[in-house]
file my_file.pdb (PDB, C-alpha atoms and all ligand atoms)
ATOM      1  CA  MET A   1     -18.021 -32.831 -30.611
ATOM      2  CA  PRO A   2     -17.474 -29.438 -32.238
ATOM      3  CA  THR A   3     -16.111 -29.348 -35.791
ATOM      4  CA  LYS A   4     -12.460 -28.286 -35.784
ATOM      5  CA  ILE A   5     -11.712 -25.601 -38.356
ATOM      6  CA  ILE A   6      -8.972 -23.294 -39.564
ATOM      7  CA  LEU A   7     -10.319 -20.075 -41.070
ATOM      8  CA  ASP A   8      -8.421 -18.794 -44.117
ATOM      9  CA  THR A   9      -9.574 -15.251 -44.798
ATOM     10  CA  ASP A  10      -9.035 -12.016 -46.697
ATOM     11  CA  ILE A  11     -10.682 -10.139 -43.834
ATOM     12  CA  GLY A  12     -10.331  -6.388 -43.986
ATOM     13  CA  ASP A  13     -12.042  -5.088 -47.117
ATOM     14  CA  ASP A  14     -15.585  -6.416 -47.525
ATOM     15  CA  VAL A  15     -17.245  -6.745 -44.142
ATOM     16  CA  ASP A  16     -18.514 -10.297 -44.525
ATOM     17  CA  ASP A  17     -15.308 -11.910 -43.250
ATOM     18  CA  ALA A  18     -15.738 -10.030 -39.959
ATOM     19  CA  LEU A  19     -19.385 -11.098 -39.886
ATOM     20  CA  ALA A  20     -18.215 -14.703 -40.389
ATOM     21  CA  LEU A  21     -15.525 -14.615 -37.693
ATOM     22  CA  ALA A  22     -17.990 -13.137 -35.201
ATOM     23  CA  LEU A  23     -20.381 -15.967 -36.064
ATOM     24  CA  ILE A  24     -17.641 -18.510 -35.336
ATOM     25  CA  CYS A  25     -17.038 -16.883 -31.949
ATOM     26  CA  ALA A  26     -20.772 -17.202 -31.202
ATOM     27  CA  SER A  27     -21.001 -20.861 -32.251
ATOM     28  CA  PRO A  28     -19.979 -23.659 -29.856
ATOM     29  CA  GLU A  29     -20.539 -26.175 -32.678
ATOM     30  CA  VAL A  30     -17.214 -25.133 -34.233
ATOM     31  CA  GLU A  31     -13.790 -25.069 -32.633
ATOM     32  CA  LEU A  32     -11.483 -22.512 -34.215
ATOM     33  CA  LEU A  33      -7.882 -23.771 -34.183
ATOM     34  CA  GLY A  34      -6.420 -20.791 -35.965
ATOM     35  CA  VAL A  35      -6.812 -18.078 -38.558
ATOM     36  CA  THR A  36      -4.642 -17.545 -41.642
ATOM     37  CA  THR A  37      -4.816 -14.412 -43.771
ATOM     38  CA  VAL A  38      -4.425 -14.129 -47.519
ATOM     39  CA  PHE A  39      -4.187 -11.637 -50.404
ATOM     40  CA  GLY A  40      -2.449  -8.289 -50.294
ATOM     41  CA  ASN A  41      -1.862  -6.721 -46.894
ATOM     42  CA  VAL A  42      -1.975  -9.919 -44.859
ATOM     43  CA  GLN A  43      -0.547  -8.158 -41.783
ATOM     44  CA  ALA A  44      -3.354  -5.606 -41.642
ATOM     45  CA  ARG A  45      -5.856  -8.394 -42.263
ATOM     46  CA  ALA A  46      -4.375 -10.327 -39.345
ATOM     47  CA  ARG A  47      -4.905  -7.311 -37.081
ATOM     48  CA  GLN A  48      -8.636  -7.243 -37.719
ATOM     49  CA  ALA A  49      -8.906 -10.982 -37.077
ATOM     50  CA  GLN A  50      -7.005 -10.497 -33.816
ATOM     51  CA  THR A  51      -9.223  -7.566 -32.846
ATOM     52  CA  ILE A  52     -12.344  -9.716 -33.176
ATOM     53  CA  LEU A  53     -10.750 -12.589 -31.252
ATOM     54  CA  GLN A  54      -9.721 -10.220 -28.450
ATOM     55  CA  LEU A  55     -13.288  -8.886 -28.248
ATOM     56  CA  ALA A  56     -14.522 -12.480 -27.983
ATOM     57  CA  ALA A  57     -11.896 -13.151 -25.299
ATOM     58  CA  ALA A  58     -13.630 -10.704 -22.959
ATOM     59  CA  GLU A  59     -16.188 -13.459 -22.389
ATOM     60  CA  ASN A  60     -14.180 -16.558 -23.218
ATOM     61  CA  PRO A  61     -10.425 -16.071 -22.692
ATOM     62  CA  SER A  62      -9.586 -19.039 -24.920
ATOM     63  CA  PHE A  63     -10.391 -16.899 -27.978
ATOM     64  CA  GLY A  64      -7.543 -14.571 -27.069
ATOM     65  CA  LYS A  65      -5.064 -17.409 -27.473
ATOM     66  CA  ILE A  66      -6.152 -18.553 -30.927
ATOM     67  CA  PRO A  67      -3.184 -18.175 -33.281
ATOM     68  CA  VAL A  68      -3.436 -15.835 -36.256
ATOM     69  CA  ALA A  69      -0.815 -16.354 -38.982
ATOM     70  CA  ALA A  70      -0.215 -14.161 -42.010
ATOM     71  CA  GLY A  71      -0.171 -16.107 -45.253
ATOM     72  CA  CYS A  72       0.428 -15.373 -48.925
ATOM     73  CA  SER A  73       0.295 -11.764 -50.002
ATOM     74  CA  ALA A  74       0.886 -12.473 -53.699
ATOM     75  CA  THR A  75      -0.983 -15.042 -55.775
ATOM     76  CA  LEU A  76      -0.393 -17.752 -58.349
ATOM     77  CA  ALA A  77      -2.556 -15.979 -60.939
ATOM     78  CA  SER A  78      -0.958 -16.335 -64.373
ATOM     79  CA  ARG A  79      -2.651 -13.225 -65.752
ATOM     80  CA  LYS A  80      -2.363 -10.252 -63.503
ATOM     81  CA  ASN A  81      -5.532  -8.263 -63.540
ATOM     82  CA  GLN A  82      -4.333  -4.851 -62.390
ATOM     83  CA  SER A  83      -7.665  -3.961 -60.872
ATOM     84  CA  ILE A  84      -7.358  -6.785 -58.363
ATOM     85  CA  ALA A  85      -3.595  -7.354 -58.176
ATOM     86  CA  ALA A  86      -2.625  -8.205 -54.619
ATOM     87  CA  ASP A  87      -0.993  -5.147 -53.111
ATOM     88  CA  ALA A  88       0.902  -5.755 -49.877
ATOM     89  CA  LYS A  89       0.718  -2.033 -49.045
ATOM     90  CA  HIS A  90      -3.002  -1.606 -49.628
ATOM     91  CA  VAL A  91      -4.674  -0.459 -46.424
ATOM     92  CA  PRO A  92      -7.913  -2.415 -46.056
ATOM     93  CA  ALA A  93     -11.085  -0.419 -45.419
ATOM     94  CA  GLN A  94     -11.561  -2.191 -42.085
ATOM     95  CA  ALA A  95      -8.195  -0.993 -40.736
ATOM     96  CA  VAL A  96     -10.067   1.847 -39.000
ATOM     97  CA  VAL A  97     -11.927  -0.676 -36.846
ATOM     98  CA  SER A  98      -8.835  -2.770 -36.109
ATOM     99  CA  TRP A  99      -6.883  -2.235 -32.914
ATOM    100  CA  ASN A 100      -3.284  -1.049 -33.054
ATOM    101  CA  GLN A 101      -0.622  -3.719 -32.875
ATOM    102  CA  GLU A 102       0.343  -2.561 -29.355
ATOM    103  CA  ARG A 103      -3.062  -3.651 -28.022
ATOM    104  CA  LEU A 104      -2.827  -7.042 -29.702
ATOM    105  CA  PRO A 105      -0.761 -10.192 -29.099
ATOM    106  CA  ALA A 106       2.031 -10.972 -31.549
ATOM    107  CA  ILE A 107       0.849 -12.770 -34.644
ATOM    108  CA  ASP A 108       1.964 -16.373 -35.017
ATOM    109  CA  PRO A 109       5.595 -16.438 -36.227
ATOM    110  CA  ARG A 110       4.851 -19.119 -38.811
ATOM    111  CA  HIS A 111       3.861 -18.372 -42.379
ATOM    112  CA  GLY A 112       0.196 -19.156 -42.982
ATOM    113  CA  ILE A 113       1.117 -22.036 -45.294
ATOM    114  CA  ASP A 114       3.229 -23.669 -42.591
ATOM    115  CA  PHE A 115       0.570 -23.022 -39.973
ATOM    116  CA  LEU A 116      -1.950 -24.870 -42.150
ATOM    117  CA  ILE A 117       0.424 -27.762 -42.815
ATOM    118  CA  GLN A 118       1.594 -28.200 -39.218
ATOM    119  CA  THR A 119      -1.860 -27.869 -37.691
ATOM    120  CA  ILE A 120      -3.507 -30.258 -40.158
ATOM    121  CA  MET A 121      -0.670 -32.815 -39.906
ATOM    122  CA  ALA A 122      -0.814 -32.730 -36.093
ATOM    123  CA  GLY A 123      -4.566 -33.378 -36.154
ATOM    124  CA  ARG A 124      -6.491 -36.598 -36.371
ATOM    125  CA  GLY A 125      -7.822 -36.120 -39.865
ATOM    126  CA  ASP A 126     -10.692 -34.083 -38.482
ATOM    127  CA  ILE A 127      -9.620 -30.501 -39.220
ATOM    128  CA  VAL A 128     -11.671 -28.678 -41.859
ATOM    129  CA  PRO A 129     -10.016 -25.768 -43.696
ATOM    130  CA  VAL A 130     -12.619 -23.049 -44.302
ATOM    131  CA  THR A 131     -11.568 -20.632 -47.046
ATOM    132  CA  ILE A 132     -13.377 -17.323 -47.416
ATOM    133  CA  GLY A 133     -10.822 -15.496 -49.571
ATOM    134  CA  ALA A 134      -8.548 -16.351 -52.483
ATOM    135  CA  ILE A 135      -7.507 -19.994 -52.030
ATOM    136  CA  THR A 136      -3.762 -19.323 -52.379
ATOM    137  CA  ASN A 137      -2.703 -20.509 -48.899
ATOM    138  CA  LEU A 138      -4.460 -23.858 -49.110
ATOM    139  CA  ALA A 139      -3.242 -24.475 -52.669
ATOM    140  CA  MET A 140       0.319 -23.696 -51.599
ATOM    141  CA  ALA A 141      -0.012 -25.936 -48.537
ATOM    142  CA  LEU A 142      -1.143 -28.804 -50.781
ATOM    143  CA  VAL A 143       1.838 -28.170 -53.060
ATOM    144  CA  LYS A 144       4.356 -27.882 -50.235
ATOM    145  CA  GLU A 145       3.075 -30.869 -48.249
ATOM    146  CA  PRO A 146       0.820 -33.125 -50.343
ATOM    147  CA  ALA A 147       0.389 -35.447 -47.343
ATOM    148  CA  ILE A 148      -2.083 -32.989 -45.817
ATOM    149  CA  ALA A 149      -4.603 -34.221 -48.402
ATOM    150  CA  THR A 150      -4.839 -37.500 -46.495
ATOM    151  CA  LYS A 151      -5.666 -35.574 -43.322
ATOM    152  CA  ILE A 152      -8.351 -33.240 -44.673
ATOM    153  CA  PRO A 153     -11.868 -34.666 -44.298
ATOM    154  CA  ARG A 154     -13.392 -31.908 -46.421
ATOM    155  CA  ILE A 155     -12.857 -28.298 -47.386
ATOM    156  CA  VAL A 156     -15.469 -25.600 -46.953
ATOM    157  CA  SER A 157     -15.203 -22.623 -49.301
ATOM    158  CA  MET A 158     -17.035 -19.505 -50.258
ATOM    159  CA  ALA A 159     -15.990 -19.517 -53.892
ATOM    160  CA  GLY A 160     -17.289 -19.531 -57.427
ATOM    161  CA  GLU A 161     -20.577 -18.909 -59.191
ATOM    162  CA  PHE A 162     -22.574 -21.357 -61.293
ATOM    163  CA  ARG A 163     -25.802 -19.589 -62.285
ATOM    164  CA  THR A 164     -24.379 -16.351 -63.637
ATOM    165  CA  PRO A 165     -21.380 -16.570 -65.998
ATOM    166  CA  MET A 166     -18.738 -14.616 -64.089
ATOM    167  CA  ALA A 167     -15.421 -14.823 -62.308
ATOM    168  CA  GLU A 168     -16.382 -14.707 -58.642
ATOM    169  CA  TRP A 169     -14.002 -12.572 -56.545
ATOM    170  CA  ASN A 170     -12.273 -15.328 -54.540
ATOM    171  CA  ILE A 171     -11.607 -17.269 -57.743
ATOM    172  CA  LYS A 172     -10.757 -14.161 -59.755
ATOM    173  CA  CYS A 173      -8.049 -13.151 -57.283
ATOM    174  CA  ASP A 174      -6.229 -16.455 -57.855
ATOM    175  CA  PRO A 175      -7.758 -18.790 -60.468
ATOM    176  CA  GLU A 176      -4.692 -21.054 -60.532
ATOM    177  CA  ALA A 177      -4.834 -21.627 -56.775
ATOM    178  CA  ALA A 178      -8.566 -22.320 -56.973
ATOM    179  CA  SER A 179      -7.927 -24.821 -59.754
ATOM    180  CA  ILE A 180      -5.320 -26.655 -57.661
ATOM    181  CA  VAL A 181      -7.774 -27.035 -54.783
ATOM    182  CA  PHE A 182     -10.836 -27.868 -56.896
ATOM    183  CA  SER A 183      -8.908 -30.483 -58.880
ATOM    184  CA  SER A 184      -7.363 -32.071 -55.764
ATOM    185  CA  GLY A 185     -10.188 -34.596 -55.490
ATOM    186  CA  LEU A 186     -10.831 -33.553 -51.888
ATOM    187  CA  PRO A 187     -14.482 -33.237 -50.866
ATOM    188  CA  MET A 188     -15.615 -29.626 -50.839
ATOM    189  CA  ASP A 189     -18.755 -27.889 -49.613
ATOM    190  CA  ILE A 190     -19.211 -24.667 -51.551
ATOM    191  CA  ILE A 191     -21.126 -21.462 -50.950
ATOM    192  CA  PRO A 192     -21.303 -19.772 -54.359
ATOM    193  CA  TRP A 193     -21.773 -16.032 -54.973
ATOM    194  CA  HIS A 194     -25.501 -16.447 -55.604
ATOM    195  CA  ILE A 195     -26.141 -17.697 -52.076
ATOM    196  CA  GLY A 196     -24.426 -14.746 -50.421
ATOM    197  CA  ARG A 197     -26.228 -12.289 -52.680
ATOM    198  CA  THR A 198     -29.522 -13.878 -51.730
ATOM    199  CA  ALA A 199     -28.799 -13.828 -48.003
ATOM    200  CA  ARG A 200     -28.435 -10.064 -47.559
ATOM    201  CA  LEU A 201     -29.161  -7.994 -44.499
ATOM    202  CA  VAL A 202     -31.607  -5.145 -44.963
ATOM    203  CA  GLU A 203     -31.216  -1.775 -43.273
ATOM    204  CA  THR A 204     -33.478  -2.538 -40.326
ATOM    205  CA  GLN A 205     -31.391  -5.643 -39.645
ATOM    206  CA  THR A 206     -27.944  -4.028 -39.816
ATOM    207  CA  ALA A 207     -29.311  -1.221 -37.607
ATOM    208  CA  GLN A 208     -29.789  -3.776 -34.822
ATOM    209  CA  PHE A 209     -26.004  -4.132 -34.455
ATOM    210  CA  ALA A 210     -25.533  -0.567 -33.202
ATOM    211  CA  THR A 211     -28.220  -0.820 -30.518
ATOM    212  CA  SER A 212     -27.330  -4.318 -29.300
ATOM    213  CA  ASN A 213     -26.221  -5.073 -25.750
ATOM    214  CA  VAL A 214     -23.634  -7.470 -27.188
ATOM    215  CA  PRO A 215     -20.224  -5.758 -27.574
ATOM    216  CA  MET A 216     -19.318  -7.935 -30.595
ATOM    217  CA  ALA A 217     -22.549  -6.922 -32.320
ATOM    218  CA  ARG A 218     -21.797  -3.254 -31.753
ATOM    219  CA  TYR A 219     -18.319  -3.845 -33.197
ATOM    220  CA  LEU A 220     -19.947  -5.365 -36.277
ATOM    221  CA  GLY A 221     -22.054  -2.225 -36.563
ATOM    222  CA  GLU A 222     -18.846  -0.171 -36.698
ATOM    223  CA  ALA A 223     -17.318  -2.598 -39.189
ATOM    224  CA  VAL A 224     -20.350  -2.330 -41.475
ATOM    225  CA  GLY A 225     -20.073   1.454 -41.218
ATOM    226  CA  ALA A 226     -16.386   1.363 -42.219
ATOM    227  CA  TRP A 227     -17.209  -0.880 -45.168
ATOM    228  CA  ARG A 228     -20.018   1.370 -46.292
ATOM    229  CA  ALA A 229     -17.967   4.581 -46.148
ATOM    230  CA  GLY A 230     -18.233   6.177 -49.545
ATOM    231  CA  LYS A 231     -20.819   3.685 -50.746
ATOM    232  CA  THR A 232     -24.510   4.427 -51.023
ATOM    233  CA  ASP A 233     -27.462   2.124 -50.819
ATOM    234  CA  VAL A 234     -25.535  -1.021 -50.017
ATOM    235  CA  GLU A 235     -26.429  -3.793 -47.633
ATOM    236  CA  PRO A 236     -24.002  -6.471 -46.428
ATOM    237  CA  ALA A 237     -24.315  -9.768 -48.279
ATOM    238  CA  LEU A 238     -23.656 -12.771 -46.059
ATOM    239  CA  PHE A 239     -21.251 -14.518 -48.460
ATOM    240  CA  ASP A 240     -18.692 -15.671 -45.887
ATOM    241  CA  PRO A 241     -21.067 -16.207 -42.932
ATOM    242  CA  MET A 242     -22.976 -18.736 -45.047
ATOM    243  CA  ALA A 243     -19.772 -20.826 -45.255
ATOM    244  CA  ILE A 244     -19.861 -21.039 -41.458
ATOM    245  CA  ALA A 245     -23.620 -21.618 -41.427
ATOM    246  CA  LEU A 246     -23.256 -24.718 -43.615
ATOM    247  CA  LEU A 247     -21.033 -26.298 -40.964
ATOM    248  CA  ILE A 248     -23.717 -25.855 -38.345
ATOM    249  CA  GLU A 249     -27.070 -25.787 -40.176
ATOM    250  CA  PRO A 250     -26.652 -27.498 -43.558
ATOM    251  CA  ALA A 251     -30.445 -27.793 -43.790
ATOM    252  CA  LEU A 252     -30.608 -24.045 -44.506
ATOM    253  CA  PHE A 253     -29.518 -24.976 -48.036
ATOM    254  CA  GLU A 254     -30.545 -27.177 -50.942
ATOM    255  CA  TRP A 255     -27.557 -29.030 -52.274
ATOM    256  CA  LYS A 256     -26.268 -30.334 -55.604
ATOM    257  CA  GLN A 257     -23.408 -32.809 -55.931
ATOM    258  CA  GLY A 258     -20.946 -32.839 -58.811
ATOM    259  CA  GLN A 259     -17.680 -31.540 -60.190
ATOM    260  CA  VAL A 260     -16.471 -27.940 -60.345
ATOM    261  CA  ARG A 261     -13.861 -26.785 -62.822
ATOM    262  CA  VAL A 262     -12.033 -23.474 -62.946
ATOM    263  CA  GLU A 263     -11.507 -21.971 -66.400
ATOM    264  CA  LEU A 264      -7.880 -20.956 -66.890
ATOM    265  CA  ARG A 265      -7.521 -20.725 -70.667
ATOM    266  CA  GLY A 266     -10.398 -18.655 -72.053
ATOM    267  CA  GLU A 267      -9.506 -15.157 -73.184
ATOM    268  CA  ASP A 268     -12.673 -13.677 -71.681
ATOM    269  CA  THR A 269     -13.558 -16.389 -69.183
ATOM    270  CA  TYR A 270     -10.413 -16.616 -67.064
ATOM    271  CA  GLY A 271     -11.549 -17.417 -63.519
ATOM    272  CA  TYR A 272     -15.062 -18.529 -64.462
ATOM    273  CA  THR A 273     -16.302 -21.665 -62.753
ATOM    274  CA  THR A 274     -18.460 -24.435 -64.203
ATOM    275  CA  PHE A 275     -20.373 -27.170 -62.413
ATOM    276  CA  LYS A 276     -21.385 -30.555 -63.776
ATOM    277  CA  GLU A 277     -23.987 -32.297 -61.656
ATOM    278  CA  GLY A 278     -23.398 -35.995 -61.042
ATOM    279  CA  PRO A 279     -20.546 -37.959 -59.518
ATOM    280  CA  GLY A 280     -17.891 -35.717 -58.059
ATOM    281  CA  PRO A 281     -16.394 -34.440 -54.826
ATOM    282  CA  HIS A 282     -18.102 -31.047 -54.770
ATOM    283  CA  ARG A 283     -21.327 -30.218 -52.976
ATOM    284  CA  ILE A 284     -22.793 -26.882 -53.983
ATOM    285  CA  ALA A 285     -25.320 -24.926 -51.946
ATOM    286  CA  TRP A 286     -27.845 -24.326 -54.744
ATOM    287  CA  ASN A 287     -30.628 -22.551 -52.881
ATOM    288  CA  VAL A 288     -30.956 -20.963 -49.482
ATOM    289  CA  ASP A 289     -34.002 -20.237 -47.392
ATOM    290  CA  ARG A 290     -33.155 -16.541 -47.227
ATOM    291  CA  ASP A 291     -35.416 -15.503 -44.362
ATOM    292  CA  ARG A 292     -34.449 -18.453 -42.209
ATOM    293  CA  ALA A 293     -30.723 -18.050 -42.904
ATOM    294  CA  VAL A 294     -30.666 -14.324 -42.138
ATOM    295  CA  HIS A 295     -32.796 -14.788 -39.030
ATOM    296  CA  TRP A 296     -30.539 -17.610 -37.870
ATOM    297  CA  TYR A 297     -27.450 -15.441 -38.404
ATOM    298  CA  LEU A 298     -28.868 -12.488 -36.484
ATOM    299  CA  GLN A 299     -30.063 -14.675 -33.627
ATOM    300  CA  ARG A 300     -26.522 -15.962 -33.238
ATOM    301  CA  VAL A 301     -24.636 -12.682 -33.248
ATOM    302  CA  LEU A 302     -27.282 -10.629 -31.450
ATOM    303  CA  ARG A 303     -27.980 -13.520 -29.038
ATOM    304  CA  GLN A 304     -31.713 -13.180 -29.320
TER     305      GLN A 304
HETATM  306 CA    CA B   1     -13.769 -12.906 -47.810
END
call {"tool": "encode", "arguments": {"input": "my_file.pdb", "output": "structure tokens"}}
result
Amino acid sequence: MPTKIILDTDIGDDVDDALALALICASPEVELLGVTTVFGNVQARARQAQTILQLAAAENPSFGKIPVAAGCSATLASRKNQSIAADAKHVPAQAVVSWNQERLPAIDPRHGIDFLIQTIMAGRGDIVPVTIGAITNLAMALVKEPAIATKIPRIVSMAGEFRTPMAEWNIKCDPEAASIVFSSGLPMDIIPWHIGRTARLVETQTAQFATSNVPMARYLGEAVGAWRAGKTDVEPALFDPMAIALLIEPALFEWKQGQVRVELRGEDTYGYTTFKEGPGPHRIAWNVDRDRAVHWYLQRVLRQ
């Protein structure tokens, strides 16, 4: 039986969310029940998610019917960091590789929070929320309908960093939301920043997208190009795709079990995450077999 998931994403700026959604579309081991978008311009983010699902629908029409719901644009962050403040009008870099609304189905009329609540409550306790952006939507869903906690078998998140003292982006965008989810007691499987940085594509690998026979792979080549515009010497890190990989190939990683906390008080450490190994609901991917993980990813999306 495939693992049922809802993808909660800030797709549209960094390219790794698109790389992750394409991986989902290439993976029969997961069944995508819906996509919710978060942080800033959630409408534009929804359009890129829909674009990828419509590309996947060319081969499997069921992808074209997967609902995409826009979620929280603003955050619960108690200290607004102007450099990352959610901006509903910000045009994500990936907008240039998103189809116009006229070519796309209407987005789901429900708010992302309500989509999460209704979908999880209607399930059999077997729906895994997978968060690859700020965790605002899931935190808000837990606040609005605490009963969903009894229906969530585990949460999968790309979030946090435990080797390097830092506020990882998805935590930094909304530390309070992350704290709500991490302190919920729900089991979580975590891909930290370090893992994504380790699993990076090199130039010869990203170049394979453009020459692939697979339309989705060629789209990813365009998406990487849009992300790179204005940047030099950068290679895509597979942060978000590794959160999908753990659902399918957990043996790609070495794991540590324990308890994560999100720092909310420190003057200079707001949004930092700490990990205490031992009893606790959080399983952290501690190491990744880089070559195997990257090869596995490329095999999937290039269908080699
Ligand atoms: Ca992301």
call {"tool": "residues_around", "arguments": {"input": "my_file.pdb", "residues": "region 159-173 of chain A", "least_positions_apart": "6", "cutoff": "10 Å", "atoms": "all atoms listed in the file", "output": "PyMOL selection string"}}
result
chain A and resi 10+39+74-77+80-81+83-86+131-136+179+189-195+239-240+243+260-263+268-276+284+286
call {"tool": "closest_residue", "arguments": {"input": "my_file.pdb", "among": "A:Leu238, A:Ala70, A:Met121, A:Val301", "to": "Met158 (chain A)", "atoms": "all atoms listed in the file"}}
result
A:Leu238
call {"tool": "atom_distance", "arguments": {"input": "my_file.pdb", "atom1": "CA of Ser157 (chain A)", "atom2": "CA of Arg265 (chain A)"}}
result
22.8 Å
call {"tool": "resolve_selection", "arguments": {"input": "my_file.pdb", "expression": "the PyMOL selection byres (((chain A and resi 202) around 12) and not hetatm)", "output": "list of chain:residue names"}}
result
A:Arg197, A:Thr198, A:Ala199, A:Arg200, A:Leu201, A:Glu203, A:Thr204, A:Gln205, A:Thr206, A:Ala207, A:Gln208, A:Phe209, A:Asp233, A:Val234, A:Glu235, A:Pro236, A:Ala237, A:Leu238, A:Arg290, A:Asp291, A:Val294, A:His295, A:Leu298
call {"tool": "residues_around", "arguments": {"input": "my_file.pdb", "residues": "Ile244 (chain A)", "least_positions_apart": "6", "cutoff": "12 Å", "atoms": "all atoms listed in the file", "output": "ChimeraX atom specification"}}
result
/A:3-8,16-32,128-132,155-158,189-191,196,238,250,252,293,296-297,300
call {"tool": "write_last_selection", "arguments": {"input": "my_file.pdb", "atoms": "C-alpha atoms", "output": "PDB file, in the frame of the given file"}}
result
ATOM      1  CA  THR A   3     -16.111 -29.348 -35.791  1.00  0.00           C
ATOM      2  CA  LYS A   4     -12.460 -28.286 -35.784  1.00  0.00           C
ATOM      3  CA  ILE A   5     -11.712 -25.601 -38.356  1.00  0.00           C
ATOM      4  CA  ILE A   6      -8.972 -23.294 -39.564  1.00  0.00           C
ATOM      5  CA  LEU A   7     -10.319 -20.075 -41.070  1.00  0.00           C
ATOM      6  CA  ASP A   8      -8.421 -18.794 -44.117  1.00  0.00           C
ATOM      7  CA  ASP A  16     -18.514 -10.297 -44.525  1.00  0.00           C
ATOM      8  CA  ASP A  17     -15.308 -11.910 -43.250  1.00  0.00           C
ATOM      9  CA  ALA A  18     -15.738 -10.030 -39.959  1.00  0.00           C
ATOM     10  CA  LEU A  19     -19.385 -11.098 -39.886  1.00  0.00           C
ATOM     11  CA  ALA A  20     -18.215 -14.703 -40.389  1.00  0.00           C
ATOM     12  CA  LEU A  21     -15.525 -14.615 -37.693  1.00  0.00           C
ATOM     13  CA  ALA A  22     -17.990 -13.137 -35.201  1.00  0.00           C
ATOM     14  CA  LEU A  23     -20.381 -15.967 -36.064  1.00  0.00           C
ATOM     15  CA  ILE A  24     -17.641 -18.510 -35.336  1.00  0.00           C
ATOM     16  CA  CYS A  25     -17.038 -16.883 -31.949  1.00  0.00           C
ATOM     17  CA  ALA A  26     -20.772 -17.202 -31.202  1.00  0.00           C
ATOM     18  CA  SER A  27     -21.001 -20.861 -32.251  1.00  0.00           C
ATOM     19  CA  PRO A  28     -19.979 -23.659 -29.856  1.00  0.00           C
ATOM     20  CA  GLU A  29     -20.539 -26.175 -32.678  1.00  0.00           C
ATOM     21  CA  VAL A  30     -17.214 -25.133 -34.233  1.00  0.00           C
ATOM     22  CA  GLU A  31     -13.790 -25.069 -32.633  1.00  0.00           C
ATOM     23  CA  LEU A  32     -11.483 -22.512 -34.215  1.00  0.00           C
ATOM     24  CA  VAL A 128     -11.671 -28.678 -41.859  1.00  0.00           C
ATOM     25  CA  PRO A 129     -10.016 -25.768 -43.696  1.00  0.00           C
ATOM     26  CA  VAL A 130     -12.619 -23.049 -44.302  1.00  0.00           C
ATOM     27  CA  THR A 131     -11.568 -20.632 -47.046  1.00  0.00           C
ATOM     28  CA  ILE A 132     -13.377 -17.323 -47.416  1.00  0.00           C
ATOM     29  CA  ILE A 155     -12.857 -28.298 -47.386  1.00  0.00           C
ATOM     30  CA  VAL A 156     -15.469 -25.600 -46.953  1.00  0.00           C
ATOM     31  CA  SER A 157     -15.203 -22.623 -49.301  1.00  0.00           C
ATOM     32  CA  MET A 158     -17.035 -19.505 -50.258  1.00  0.00           C
ATOM     33  CA  ASP A 189     -18.755 -27.889 -49.613  1.00  0.00           C
ATOM     34  CA  ILE A 190     -19.211 -24.667 -51.551  1.00  0.00           C
ATOM     35  CA  ILE A 191     -21.126 -21.462 -50.950  1.00  0.00           C
ATOM     36  CA  GLY A 196     -24.426 -14.746 -50.421  1.00  0.00           C
ATOM     37  CA  LEU A 238     -23.656 -12.771 -46.059  1.00  0.00           C
ATOM     38  CA  PRO A 250     -26.652 -27.498 -43.558  1.00  0.00           C
ATOM     39  CA  LEU A 252     -30.608 -24.045 -44.506  1.00  0.00           C
ATOM     40  CA  ALA A 293     -30.723 -18.050 -42.904  1.00  0.00           C
ATOM     41  CA  TRP A 296     -30.539 -17.610 -37.870  1.00  0.00           C
ATOM     42  CA  TYR A 297     -27.450 -15.441 -38.404  1.00  0.00           C
ATOM     43  CA  ARG A 300     -26.522 -15.962 -33.238  1.00  0.00           C
TER      44      ARG A 300
END
call {"tool": "closest_residue", "arguments": {"input": "my_file.pdb", "among": "A:Gln259, A:Ser183, A:Asn60, A:Gln94", "to": "Gly225 (chain A)", "atoms": "all atoms listed in the file"}}
result
A:Gln94
call {"tool": "atom_distance", "arguments": {"input": "my_file.pdb", "atom1": "CA of Val96 (chain A)", "atom2": "CA of Arg228 (chain A)"}}
result
12.3 Å
call {"tool": "residues_around", "arguments": {"input": "my_file.pdb", "residues": "Ala210 (chain A)", "least_positions_apart": "3", "cutoff": "9 Å", "atoms": "all atoms listed in the file", "output": "PDB file with C-alpha atoms, in the coordinates of the input"}}
result
ATOM      1  CA  THR A 206     -27.944  -4.028 -39.816  1.00  0.00           C
ATOM      2  CA  ALA A 207     -29.311  -1.221 -37.607  1.00  0.00           C
ATOM      3  CA  ASN A 213     -26.221  -5.073 -25.750  1.00  0.00           C
ATOM      4  CA  ALA A 217     -22.549  -6.922 -32.320  1.00  0.00           C
ATOM      5  CA  ARG A 218     -21.797  -3.254 -31.753  1.00  0.00           C
ATOM      6  CA  TYR A 219     -18.319  -3.845 -33.197  1.00  0.00           C
ATOM      7  CA  LEU A 220     -19.947  -5.365 -36.277  1.00  0.00           C
ATOM      8  CA  GLY A 221     -22.054  -2.225 -36.563  1.00  0.00           C
ATOM      9  CA  GLU A 222     -18.846  -0.171 -36.698  1.00  0.00           C
TER      10      GLU A 222
END
call {"tool": "resolve_selection", "arguments": {"input": "my_file.pdb", "expression": "the PyMOL selection byres (((chain A and resi 176) around 8) and not hetatm)", "output": "list in words"}}
result
Leu76, Ala77, Ser78, Asp174, Pro175, Ala177, Ala178, Ser179, Ile180 and Leu264 of chain A
call {"tool": "residues_around", "arguments": {"input": "my_file.pdb", "residues": "Gln43 (chain A)", "least_positions_apart": "2", "cutoff": "12 Å", "atoms": "only C-alpha atoms", "output": "count of residues only"}}
result
38
call {"tool": "atom_distance", "arguments": {"input": "my_file.pdb", "atom1": "CA of Phe182 (chain A)", "atom2": "CA of Ala141 (chain A)"}}
result
13.8 Å
call {"tool": "residues_around", "arguments": {"input": "my_file.pdb", "residues": "Ile148 (chain A)", "least_positions_apart": "5", "cutoff": "9 Å", "atoms": "all atoms listed in the file", "output": "list in words"}}
result
Leu116, Ile117, Gln118, Ile120, Met121, Gly125, Ala141 and Leu142 of chain A
